[in-house]
Amino acid sequence: MNLVIFALPFLGSILPNLSPGYIEAFIFDSLAYHHPWSEKFQIFQPVTYMFVHSGFGHLFSNMFALFIFGPMLENVLGSKRFLALYFFTGIFGGALYGLVNFYEVYNIELLGAEYMLNQTPENFYNFVSNVPDYQLFQGEGVLSILKYGNQNYLPYVSSVGNVSLYDFAENTFFSAPANTDYKQMGDLIVKFFHDRKINTPMMGASGAIFGILFTFAFLFPNLKLMLLFPPIPIRAKYLVGAYILYETYELLNQNPADNVAHLAHLGGALFAYILMKKWKYQSYQ
């Protein structure tokens, strides 16, 4: 299924009146996991997001791990439980990510409402400084940001000039707090960050794959695996344990340039542990 969906955009080069970009956008909009407030959200997306990947590297890494670890687990668990493990860990990982994402959107809406009710430079700065994506866009010109977000802004707002978001938030707006153009620009930037957050989807089978990895390490903790880079043997429990620590570090680090759903990965591992306990499996020492 993952390979079929990934290959669909290539039909655009064969079928008339279609393009690979159009098909890819349709797949992302329809099947990737959007926030419930997004116009693109569909009730089935918490499941279908697992079959959508952002590129070949994303797809290859997930399917390679499934190819390496999947057959051995299926032999131990049986086909039905292996399939249940794959789907439940992916769905639970996505649900955990969705809950946290829901809270983050709520926080953005709360801070945005404070600015809308009282359009002061202080409230605008408080908004952008608490939005994780601010660090990504603080060097961008404010008018460029609005064009990037495909927003229609009033012609008079262009009088603000294409100053950087950093300068606008920390200097320009404070220099003339009563300026109506600056207030309007603040409105549009608040809307930009809110819309960007709810319309940025999650995709990929990584939560399910992480559940597979954890289960493998749980059942075969001392089995030695040969790494590709560097080519050295390492026990499964140490490899997956290091991966969990890395994912936890990246989650806590909150790097705005990092578009990986680390929480979904950890959620997949957590639910895999719950399933192993529920199914009463023991480690093969």
# chains A, B, ... in the order shown; residues from 1 in each chain; ligands from 1
call {"tool": "select_by_dssp", "arguments": {"residues": "range 11-160 of chain A", "states": "helix (DSSP H, G or I)", "output": "PyMOL selection string"}}
result
chain A and resi 11-13+20-31+45-51+56-77+79-117+121-129+134-137+142-148+155-160
call {"tool": "closest_atom_pairs", "arguments": {"of": "range 118-223 of chain A", "to": "range 28-38 of chain A", "cutoff": "12 Å", "atoms": "only C-alpha atoms", "output": "Markdown table"}}
result
| residue | atom | partner | partner_atom | distance |
| --- | --- | --- | --- | --- |
| A:His194 | CA | A:Ser38 | CA | 10.2 |
| A:Asp195 | CA | A:Ser38 | CA | 8.0 |
| A:Arg196 | CA | A:Ser38 | CA | 9.8 |
| A:Lys197 | CA | A:His35 | CA | 8.2 |
| A:Ile198 | CA | A:His35 | CA | 5.1 |
| A:Asn199 | CA | A:Ser38 | CA | 5.8 |
| A:Thr200 | CA | A:His34 | CA | 6.6 |
| A:Pro201 | CA | A:His34 | CA | 4.5 |
| A:Met202 | CA | A:Tyr33 | CA | 5.0 |
| A:Met203 | CA | A:Ala32 | CA | 5.2 |
| A:Gly204 | CA | A:Ala32 | CA | 8.2 |
| A:Ala205 | CA | A:Ala32 | CA | 11.0 |
call {"tool": "residues_around", "arguments": {"residues": "Asn222 in chain A", "least_positions_apart": "4", "cutoff": "9 Å", "atoms": "only C-alpha atoms", "output": "ChimeraX atom specification"}}
result
/A:217,234-238,284-285
call {"tool": "residues_around", "arguments": {"residues": "Tyr125 in chain A", "least_positions_apart": "4", "cutoff": "10 Å", "atoms": "only C-alpha atoms", "output": "ChimeraX atom specification"}}
result
/A:115,120-121,129-130,166,168-171,173-174,186
call {"tool": "closest_residue", "arguments": {"among": "A:Gly139, A:Phe210, A:His53, A:Ala65", "to": "Phe271 in chain A", "atoms": "only C-alpha atoms"}}
result
A:Phe210
call {"tool": "closest_atom_pairs", "arguments": {"of": "range 8-120 of chain A", "to": "range 256-265 of chain A", "cutoff": "8 Å", "atoms": "only C-alpha atoms", "output": "CSV"}}
result
residue,atom,partner,partner_atom,distance
A:Gly90,CA,A:Ala264,CA,7.8
A:Phe92,CA,A:Ala264,CA,7.8
A:Gly93,CA,A:Ala264,CA,4.0
A:Gly94,CA,A:Ala264,CA,5.3
A:Ala95,CA,A:Ala264,CA,7.8
A:Leu96,CA,A:Ala264,CA,6.4
A:Tyr97,CA,A:Ala264,CA,5.3
call {"tool": "select_by_dssp", "arguments": {"residues": "range 164-235 of chain A", "states": "strand (DSSP E)", "output": "JSON, numbers by chain"}}
result
{"A": [224, 225, 226, 233, 234, 235]}
call {"tool": "write_last_selection", "arguments": {"atoms": "N, CA, C and O atoms", "output": "mmCIF file, in the first residue's frame"}}
result
data_model
loop_
_atom_site.group_PDB
_atom_site.id
_atom_site.type_symbol
_atom_site.label_atom_id
_atom_site.label_comp_id
_atom_site.auth_asym_id
_atom_site.auth_seq_id
_atom_site.Cartn_x
_atom_site.Cartn_y
_atom_site.Cartn_z
ATOM 1 N N LYS A 224 22.384 -9.924 18.279
ATOM 2 C CA LYS A 224 23.332 -8.963 17.718
ATOM 3 C C LYS A 224 22.952 -8.611 16.283
ATOM 4 O O LYS A 224 22.679 -9.482 15.468
ATOM 5 N N LEU A 225 22.933 -7.313 16.021
ATOM 6 C CA LEU A 225 22.631 -6.796 14.692
ATOM 7 C C LEU A 225 23.882 -6.127 14.126
ATOM 8 O O LEU A 225 24.626 -5.480 14.859
ATOM 9 N N MET A 226 24.086 -6.295 12.833
ATOM 10 C CA MET A 226 25.241 -5.675 12.183
ATOM 11 C C MET A 226 24.823 -4.343 11.569
ATOM 12 O O MET A 226 23.960 -4.286 10.690
ATOM 13 N N PRO A 233 28.852 -4.948 15.156
ATOM 14 C CA PRO A 233 27.688 -5.603 15.761
ATOM 15 C C PRO A 233 27.228 -4.872 17.022
ATOM 16 O O PRO A 233 28.039 -4.306 17.757
ATOM 17 N N ILE A 234 25.927 -4.880 17.257
ATOM 18 C CA ILE A 234 25.379 -4.265 18.461
ATOM 19 C C ILE A 234 24.115 -5.010 18.849
ATOM 20 O O ILE A 234 23.351 -5.457 17.984
ATOM 21 N N ARG A 235 23.905 -5.203 20.145
ATOM 22 C CA ARG A 235 22.710 -5.904 20.603
ATOM 23 C C ARG A 235 21.463 -5.050 20.333
ATOM 24 O O ARG A 235 21.509 -3.818 20.418
#
call {"tool": "closest_residue", "arguments": {"among": "A:Ser144, A:Ser79, A:Asn179, A:Ser206", "to": "His58 in chain A", "atoms": "only C-alpha atoms"}}
result
A:Ser206
call {"tool": "closest_residue", "arguments": {"among": "A:Ile212, A:Gln119, A:Phe229, A:Ser19", "to": "Met185 in chain A", "atoms": "only C-alpha atoms"}}
result
A:Gln119
call {"tool": "closest_residue", "arguments": {"among": "A:Thr215, A:Asn62, A:Asn101, A:Asn162", "to": "Tyr182 in chain A", "atoms": "only C-alpha atoms"}}
result
A:Asn162
call {"tool": "closest_atom_pairs", "arguments": {"of": "range 120-228 of chain A", "to": "range 81-87 of chain A", "cutoff": "8 Å", "atoms": "only C-alpha atoms", "output": "JSON lines"}}
result
{"residue": "A:Ala208", "atom": "CA", "partner": "A:Tyr86", "partner_atom": "CA", "distance": 5.1}
{"residue": "A:Ile209", "atom": "CA", "partner": "A:Tyr86", "partner_atom": "CA", "distance": 7.3}
{"residue": "A:Gly211", "atom": "CA", "partner": "A:Tyr86", "partner_atom": "CA", "distance": 7.0}
{"residue": "A:Ile212", "atom": "CA", "partner": "A:Tyr86", "partner_atom": "CA", "distance": 6.9}
call {"tool": "write_last_selection", "arguments": {"atoms": "N, CA and C atoms", "output": "mmCIF file, in the first residue's frame"}}
result
data_model
loop_
_atom_site.group_PDB
_atom_site.id
_atom_site.type_symbol
_atom_site.label_atom_id
_atom_site.label_comp_id
_atom_site.auth_asym_id
_atom_site.auth_seq_id
_atom_site.Cartn_x
_atom_site.Cartn_y
_atom_site.Cartn_z
ATOM 1 N N ALA A 208 4.480 3.322 13.468
ATOM 2 C CA ALA A 208 4.316 1.871 13.402
ATOM 3 C C ALA A 208 5.667 1.172 13.326
ATOM 4 N N ILE A 209 6.589 1.726 12.554
ATOM 5 C CA ILE A 209 7.917 1.127 12.422
ATOM 6 C C ILE A 209 8.651 1.164 13.755
ATOM 7 N N GLY A 211 7.225 1.036 16.600
ATOM 8 C CA GLY A 211 6.609 -0.037 17.376
ATOM 9 C C GLY A 211 7.200 -1.388 17.023
ATOM 10 N N ILE A 212 7.485 -1.600 15.735
ATOM 11 C CA ILE A 212 8.122 -2.836 15.278
ATOM 12 C C ILE A 212 9.528 -2.955 15.875
#
